[in-house]
Structures are given as C-alpha cells and as structure tokens.
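Text of the file work14.csv, holding CSV, C-alpha atoms:
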```csv
chain,number,residue,atom,x,y,z
A,1,MET,CA,0.0,0.0,0.0
A,2,THR,CA,1.3,3.5,-0.8
A,3,GLU,CA,1.8,6.3,1.7
A,4,PRO,CA,-1.1,8.8,1.6
A,5,ALA,CA,-0.5,12.3,0.1
A,6,PRO,CA,0.3,14.8,2.8
A,7,TYR,CA,-3.0,16.8,2.8
A,8,THR,CA,-5.7,17.3,5.5
A,9,GLU,CA,-7.6,19.8,3.4
A,10,ALA,CA,-8.3,20.3,-0.3
A,11,ASP,CA,-9.1,23.6,-1.9
A,12,ILE,CA,-10.8,23.7,-5.4
A,13,SER,CA,-7.4,23.6,-7.1
A,14,LEU,CA,-6.4,20.4,-5.3
A,15,ILE,CA,-9.8,18.9,-5.8
A,16,LYS,CA,-9.4,19.4,-9.6
A,17,ARG,CA,-6.0,17.6,-9.5
A,18,ILE,CA,-7.7,14.6,-7.9
A,19,ILE,CA,-11.1,14.2,-9.6
A,20,PRO,CA,-11.9,14.9,-13.3
A,21,HIS,CA,-15.2,16.7,-12.7
A,22,ARG,CA,-15.6,20.2,-14.0
A,23,TYR,CA,-18.4,22.8,-14.2
A,24,PRO,CA,-21.3,22.3,-14.2
A,25,PHE,CA,-20.8,18.9,-12.5
A,26,LEU,CA,-18.1,19.7,-10.0
A,27,LEU,CA,-20.3,19.8,-6.9
A,28,ILE,CA,-17.9,20.4,-4.0
A,29,ASP,CA,-16.0,23.6,-3.2
A,30,LYS,CA,-13.6,22.3,-0.5
A,31,VAL,CA,-12.8,19.2,1.5
A,32,ARG,CA,-11.6,19.5,5.1
A,33,ASP,CA,-10.7,17.2,8.0
A,34,ILE,CA,-9.3,14.6,5.6
A,35,VAL,CA,-8.0,11.5,7.3
A,36,PRO,CA,-6.6,9.0,4.8
A,37,PHE,CA,-8.5,5.7,4.6
A,38,LYS,CA,-11.0,7.1,7.2
A,39,GLY,CA,-13.1,10.0,5.9
A,40,ALA,CA,-13.5,13.8,5.4
A,41,VAL,CA,-16.0,16.6,5.3
A,42,GLY,CA,-16.8,18.2,1.9
A,43,ILE,CA,-18.2,21.7,1.6
A,44,LYS,CA,-20.8,22.7,-1.0
A,45,ASN,CA,-21.8,26.4,-1.1
A,46,VAL,CA,-25.3,26.2,-2.7
A,47,THR,CA,-25.9,29.2,-5.0
A,48,VAL,CA,-29.0,30.1,-7.0
A,49,ASN,CA,-27.0,30.4,-10.3
A,50,GLU,CA,-26.3,26.6,-10.5
A,51,PRO,CA,-27.8,25.2,-13.7
A,52,HIS,CA,-30.1,22.6,-12.1
A,53,PHE,CA,-32.1,25.3,-10.4
A,54,GLN,CA,-33.3,26.5,-13.8
A,55,GLY,CA,-35.6,23.5,-13.9
A,56,HIS,CA,-35.6,22.2,-10.3
A,57,PHE,CA,-37.7,24.2,-9.5
A,58,PRO,CA,-37.8,27.8,-11.1
A,59,GLU,CA,-40.2,29.2,-8.5
A,60,MET,CA,-38.8,27.2,-5.5
A,61,PRO,CA,-35.2,26.2,-6.1
A,62,ILE,CA,-34.3,22.9,-4.3
A,63,MET,CA,-31.0,21.0,-4.8
A,64,PRO,CA,-31.8,17.7,-6.4
A,65,GLY,CA,-31.3,14.7,-4.2
A,66,VAL,CA,-29.1,13.0,-6.8
A,67,THR,CA,-26.7,15.9,-6.8
A,68,ILE,CA,-26.4,15.8,-3.0
A,69,VAL,CA,-25.5,12.1,-3.3
A,70,GLU,CA,-23.1,12.9,-6.1
A,71,ALA,CA,-21.4,15.6,-4.0
A,72,MET,CA,-20.9,13.0,-1.3
A,73,ALA,CA,-19.3,10.7,-3.8
A,74,GLN,CA,-17.0,13.4,-5.1
A,75,THR,CA,-15.9,14.1,-1.5
A,76,SER,CA,-15.2,10.4,-1.1
A,77,ALA,CA,-13.2,10.3,-4.3
A,78,VAL,CA,-11.0,13.1,-2.9
A,79,VAL,CA,-10.5,11.0,0.2
A,80,VAL,CA,-9.4,8.0,-2.0
A,81,GLY,CA,-7.1,10.3,-4.1
A,82,ILE,CA,-5.4,11.5,-0.9
A,83,SER,CA,-5.3,8.0,0.6
A,84,LEU,CA,-3.8,6.3,-2.5
A,85,ASP,CA,-1.6,9.4,-3.3
A,86,VAL,CA,-3.0,9.7,-6.9
A,87,VAL,CA,-2.9,13.5,-7.0
A,88,ASP,CA,-2.3,14.5,-10.7
A,89,LYS,CA,-3.1,11.0,-11.9
A,90,PRO,CA,-6.1,10.0,-14.0
A,91,LEU,CA,-8.5,8.5,-11.3
A,92,LEU,CA,-12.0,7.8,-12.4
A,93,THR,CA,-14.7,6.8,-9.9
A,94,TYR,CA,-17.8,4.8,-10.8
A,95,PHE,CA,-20.9,4.3,-8.6
A,96,MET,CA,-21.6,0.6,-8.1
A,97,GLY,CA,-24.5,0.9,-5.6
A,98,ILE,CA,-26.4,3.4,-3.4
A,99,ASP,CA,-28.2,2.0,-0.4
A,100,LYS,CA,-30.2,3.3,2.6
A,101,CYS,CA,-30.6,6.7,0.9
A,102,LYS,CA,-33.0,9.0,2.7
A,103,PHE,CA,-33.7,12.7,2.3
A,104,ARG,CA,-34.7,14.6,5.5
A,105,ARG,CA,-34.7,18.3,4.6
A,106,LYS,CA,-34.6,20.6,1.6
A,107,VAL,CA,-31.2,22.1,0.5
A,108,VAL,CA,-31.7,25.5,-1.0
A,109,PRO,CA,-29.6,28.4,-2.3
A,110,GLY,CA,-27.8,30.1,0.5
A,111,ASP,CA,-27.2,26.8,2.4
A,112,VAL,CA,-23.8,25.5,3.1
A,113,LEU,CA,-24.0,21.7,2.7
A,114,GLU,CA,-21.5,19.7,4.7
A,115,LEU,CA,-20.8,16.3,3.3
A,116,HIS,CA,-19.6,14.0,6.1
A,117,VAL,CA,-18.2,10.8,4.5
A,118,THR,CA,-16.7,7.8,6.3
A,119,VAL,CA,-14.9,4.9,4.7
A,120,LYS,CA,-16.5,1.7,5.7
A,121,ARG,CA,-14.3,-0.5,3.5
A,122,GLY,CA,-11.5,0.4,1.1
A,123,GLY,CA,-7.9,0.3,0.1
A,124,GLY,CA,-8.1,-1.4,-3.3
A,125,LYS,CA,-10.4,-0.9,-6.3
A,126,ILE,CA,-13.7,-1.2,-4.5
A,127,TRP,CA,-14.6,1.2,-1.7
A,128,LYS,CA,-17.7,1.5,0.5
A,129,PHE,CA,-18.7,4.7,2.2
A,130,GLU,CA,-21.3,6.1,4.6
A,131,GLY,CA,-22.4,9.7,3.9
A,132,ARG,CA,-24.4,12.3,5.6
A,133,GLY,CA,-25.3,15.8,4.3
A,134,LEU,CA,-25.9,18.4,6.9
A,135,VAL,CA,-27.1,22.0,6.8
A,136,GLU,CA,-26.6,24.0,10.0
A,137,GLY,CA,-26.3,20.7,11.9
A,138,GLN,CA,-29.6,19.4,10.5
A,139,LEU,CA,-29.6,16.1,8.5
A,140,ALA,CA,-30.5,16.7,4.9
A,141,CYS,CA,-29.5,13.4,3.4
A,142,GLU,CA,-27.9,10.1,4.4
A,143,ALA,CA,-26.7,7.1,2.2
A,144,GLU,CA,-24.3,4.3,1.9
A,145,PHE,CA,-22.6,3.9,-1.4
A,146,THR,CA,-20.1,1.7,-3.1
A,147,ALA,CA,-17.7,2.8,-5.8
A,148,MET,CA,-15.0,1.4,-8.0
A,149,MET,CA,-11.8,3.4,-8.4
A,150,ASP,CA,-10.2,3.1,-11.8
A,151,LEU,CA,-6.7,4.5,-12.2
A,152,GLN,CA,-6.3,5.1,-16.0
A,153,GLY,CA,-3.1,4.3,-17.8
```
Just dump the structure as structure tokens.
Amino acid sequence: MTEPAPYTEADISLIKRIIPHRYPFLLIDKVRDIVPFKGAVGIKNVTVNEPHFQGHFPEMPIMPGVTIVEAMAQTSAVVVGISLDVVDKPLLTYFMGIDKCKFRRKVVPGDVLELHVTVKRGGGKIWKFEGRGLVEGQLACEAEFTAMMDLQG
C-alpha cells in the first residue's frame, strides 16, 4: 500500500487535481478534515445560479437529491485520491451501488451543505462509504454507497 498524500484539506485547485469533474458537474468547493482511509468533510456552497435550479424548480429552487449524493461521492473520491496518493493521476470513480438513501430536509440556495463521509471498506479498487449531508447541523441526506476506483493508464 502506498503512503497517503500529505493533505488534510483540499481547496478547489487540489480537488481538480484529484477528480476529473468540472463545471457544471463539479459539486464540491472544499474538503476539510481529511483522514486518509477514514473520511472527510466536503463543503458545497449552494448558490442560485447553478444550472439545475433553472428547472428544479424555477419558483422554488431545491438542490436535487441525486446531486447531493453525487457531492458525497465526489468528497469520497477526494479521500481516495489522498489515501492512495494519486494526485495528478487520472483517477475515475464509478458508482456501483447506493443503499439506505434518505432525504430529510430541503437544500436551497444560501445553504452550506456539509458532506460527512466515512470509509466503511477500502484500500483497493472497491470502496464502500457512509455519507451524511448536513445543513446547519440538520440532517438533509444520508446514504451508503459503493464505488469502483479506476486509475487510468
């Protein structure tokens, strides 16, 4: 097993060196409290000018649940990138399963969504995570998800 990269926080620049996502599908702004092979907290500043709000819903913008789960997955991919020290390497992450997903509160423009992810199993190609999305300490979403990590090349 490789030594983890020496980061406990990832700004947007480092995030983009780890995961391939870009606007309009890069859904996290920062990742903090990174503990390799354990977990982290992703930060998503929800703003009204995001493209999904044009249709979901124009008169009452609500962040789609699938994008909340995707933001959890992107946070998890950053944890994997740091854990396996694949910064600046072509890592792709594929969902394999989403379980026990529940939505508890709306996430709307102006909210700061904290994405708390914990590694349940990982170290190789297949990783399992537990995620919780919180707004001001209130649970907005929870899910377990499995992903395959594919280092290209």
Within 6 Å of Glu142 of chain A using only C-alpha atoms, minus same-chain residues under 3 positions, as a PyMOL selection string: chain A and resi 101-102+131-132
Just write the chosen residues, C-alpha atoms, as a JSON list (two decimals), in the frame of the given file.
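Written file, selection-v4.json:
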```
[["chain", "number", "residue", "atom", "x", "y", "z"],
["A", 101, "CYS", "CA", -30.60, 6.70, 0.90],
["A", 102, "LYS", "CA", -33.00, 9.00, 2.70],
["A", 131, "GLY", "CA", -22.40, 9.70, 3.90],
["A", 132, "ARG", "CA", -24.40, 12.30, 5.60]]
```
Residues of segment 104-145 of chain A at most 8 Å from segment 64-69 of chain A: nearest atom pair and distance in Å, all atoms listed in the file, as a Markdown table:
```
| residue | atom | partner | partner_atom | distance |
| --- | --- | --- | --- | --- |
| A:Gly133 | CA | A:Ile68 | CA | 7.4 |
| A:Cys141 | CA | A:Ile68 | CA | 7.5 |
| A:Ala143 | CA | A:Val69 | CA | 7.5 |
```
Mind writing the picked residues with C-alpha atoms as a PDB file, keeping the file's coordinate frame?
```pdb
ATOM      1  CA  GLY A 133     -25.300  15.800   4.300  1.00  0.00           C
ATOM      2  CA  CYS A 141     -29.500  13.400   3.400  1.00  0.00           C
ATOM      3  CA  ALA A 143     -26.700   7.100   2.200  1.00  0.00           C
TER       4      ALA A 143
END
```
So which residues fall inside 12 Å of (-10.5, 6.9, 11.4) if we count all atoms listed in the file? Mind giving them as a PyMOL selection string? chain A and resi 33-40+79+117-121
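In this structure, atom CA of Gly42 of chain A sits 8.5 Å away from atom CA of Ser76 of chain A.
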Around all of segment 107-114 of chain A's listed atoms, make the axis-aligned box with 3 Å on each side and tell me centre and edge lengths in Å to one decimal, as JSON.
```
{"center_x": -26.6, "center_y": 24.9, "center_z": 1.2, "size_x": 16.2, "size_y": 16.4, "size_z": 13.0}
```
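Relative to atom CA of Val48 of chain A, atom CA of Glu144 of chain A is found at 27.7 Å.
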With a cut-off of 12 Å, could you pull out the residues of segment 50-143 of chain A touching segment 9-13 of chain A and give me the nearest pair of atoms for each, distance in Å to one decimal, using only C-alpha atoms, ordered by chain and ascending number, as a Markdown table?
```
| residue | atom | partner | partner_atom | distance |
| --- | --- | --- | --- | --- |
| A:Thr75 | CA | A:Ala10 | CA | 9.9 |
| A:Ala77 | CA | A:Ala10 | CA | 11.8 |
| A:Val78 | CA | A:Ala10 | CA | 8.1 |
| A:Val79 | CA | A:Ala10 | CA | 9.6 |
| A:Gly81 | CA | A:Ala10 | CA | 10.8 |
| A:Ile82 | CA | A:Ala10 | CA | 9.3 |
| A:Val87 | CA | A:Ala10 | CA | 11.0 |
| A:Asp88 | CA | A:Ser13 | CA | 11.0 |
```
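What separates atom CA of Asp85 of chain A from atom CA of Pro6 of chain A is a distance of 8.4 Å.
Non-sequential neighbours of Gln152 of chain A (distance at most 9 Å, separation of 4 or more positions within a chain, all atoms listed in the file) are Lys89, Pro90, Leu91 and Leu92 of chain A.
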As a PDB file, in the coordinates of the input, please: segment 32-45 of chain A completed to N, CA, C and O atoms.
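What follows is the written file out-v5.pdb:
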```
ATOM      1  N   ARG A  32     -12.394  19.273   3.886  1.00  0.00           N
ATOM      2  CA  ARG A  32     -11.600  19.500   5.100  1.00  0.00           C
ATOM      3  C   ARG A  32     -11.597  18.258   5.969  1.00  0.00           C
ATOM      4  O   ARG A  32     -12.332  17.317   5.718  1.00  0.00           O
ATOM      5  N   ASP A  33     -10.773  18.293   6.999  1.00  0.00           N
ATOM      6  CA  ASP A  33     -10.700  17.200   8.000  1.00  0.00           C
ATOM      7  C   ASP A  33     -10.441  15.847   7.313  1.00  0.00           C
ATOM      8  O   ASP A  33     -11.001  14.814   7.701  1.00  0.00           O
ATOM      9  N   ILE A  34      -9.565  15.849   6.298  1.00  0.00           N
ATOM     10  CA  ILE A  34      -9.300  14.600   5.600  1.00  0.00           C
ATOM     11  C   ILE A  34      -8.368  13.726   6.451  1.00  0.00           C
ATOM     12  O   ILE A  34      -7.308  14.157   6.911  1.00  0.00           O
ATOM     13  N   VAL A  35      -8.832  12.509   6.667  1.00  0.00           N
ATOM     14  CA  VAL A  35      -8.000  11.500   7.300  1.00  0.00           C
ATOM     15  C   VAL A  35      -7.952  10.318   6.368  1.00  0.00           C
ATOM     16  O   VAL A  35      -8.963   9.663   6.092  1.00  0.00           O
ATOM     17  N   PRO A  36      -6.761  10.076   5.791  1.00  0.00           N
ATOM     18  CA  PRO A  36      -6.600   9.000   4.800  1.00  0.00           C
ATOM     19  C   PRO A  36      -7.211   7.686   5.289  1.00  0.00           C
ATOM     20  O   PRO A  36      -7.035   7.305   6.445  1.00  0.00           O
ATOM     21  N   PHE A  37      -7.916   7.025   4.379  1.00  0.00           N
ATOM     22  CA  PHE A  37      -8.500   5.700   4.600  1.00  0.00           C
ATOM     23  C   PHE A  37      -9.647   5.763   5.678  1.00  0.00           C
ATOM     24  O   PHE A  37     -10.170   4.726   6.049  1.00  0.00           O
ATOM     25  N   LYS A  38     -10.016   6.964   6.160  1.00  0.00           N
ATOM     26  CA  LYS A  38     -11.000   7.100   7.200  1.00  0.00           C
ATOM     27  C   LYS A  38     -12.229   7.940   6.749  1.00  0.00           C
ATOM     28  O   LYS A  38     -13.371   7.525   6.877  1.00  0.00           O
ATOM     29  N   GLY A  39     -11.979   9.175   6.259  1.00  0.00           N
ATOM     30  CA  GLY A  39     -13.100  10.000   5.900  1.00  0.00           C
ATOM     31  C   GLY A  39     -12.689  11.490   5.765  1.00  0.00           C
ATOM     32  O   GLY A  39     -11.513  11.849   5.851  1.00  0.00           O
ATOM     33  N   ALA A  40     -13.711  12.345   5.602  1.00  0.00           N
ATOM     34  CA  ALA A  40     -13.500  13.800   5.400  1.00  0.00           C
ATOM     35  C   ALA A  40     -14.843  14.491   5.466  1.00  0.00           C
ATOM     36  O   ALA A  40     -15.906  13.863   5.538  1.00  0.00           O
ATOM     37  N   VAL A  41     -14.790  15.821   5.366  1.00  0.00           N
ATOM     38  CA  VAL A  41     -16.000  16.600   5.300  1.00  0.00           C
ATOM     39  C   VAL A  41     -15.861  17.523   4.026  1.00  0.00           C
ATOM     40  O   VAL A  41     -14.946  18.350   3.925  1.00  0.00           O
ATOM     41  N   GLY A  42     -16.772  17.314   3.075  1.00  0.00           N
ATOM     42  CA  GLY A  42     -16.800  18.200   1.900  1.00  0.00           C
ATOM     43  C   GLY A  42     -17.728  19.348   2.151  1.00  0.00           C
ATOM     44  O   GLY A  42     -18.668  19.262   2.944  1.00  0.00           O
ATOM     45  N   ILE A  43     -17.424  20.459   1.484  1.00  0.00           N
ATOM     46  CA  ILE A  43     -18.200  21.700   1.600  1.00  0.00           C
ATOM     47  C   ILE A  43     -18.771  22.055   0.259  1.00  0.00           C
ATOM     48  O   ILE A  43     -18.030  22.158  -0.719  1.00  0.00           O
ATOM     49  N   LYS A  44     -20.084  22.260   0.201  1.00  0.00           N
ATOM     50  CA  LYS A  44     -20.800  22.700  -1.000  1.00  0.00           C
ATOM     51  C   LYS A  44     -21.526  23.979  -0.657  1.00  0.00           C
ATOM     52  O   LYS A  44     -22.459  23.950   0.151  1.00  0.00           O
ATOM     53  N   ASN A  45     -21.097  25.098  -1.227  1.00  0.00           N
ATOM     54  CA  ASN A  45     -21.800  26.400  -1.100  1.00  0.00           C
ATOM     55  C   ASN A  45     -22.901  26.403  -2.135  1.00  0.00           C
ATOM     56  O   ASN A  45     -22.600  26.507  -3.321  1.00  0.00           O
TER      57      ASN A  45
END
```
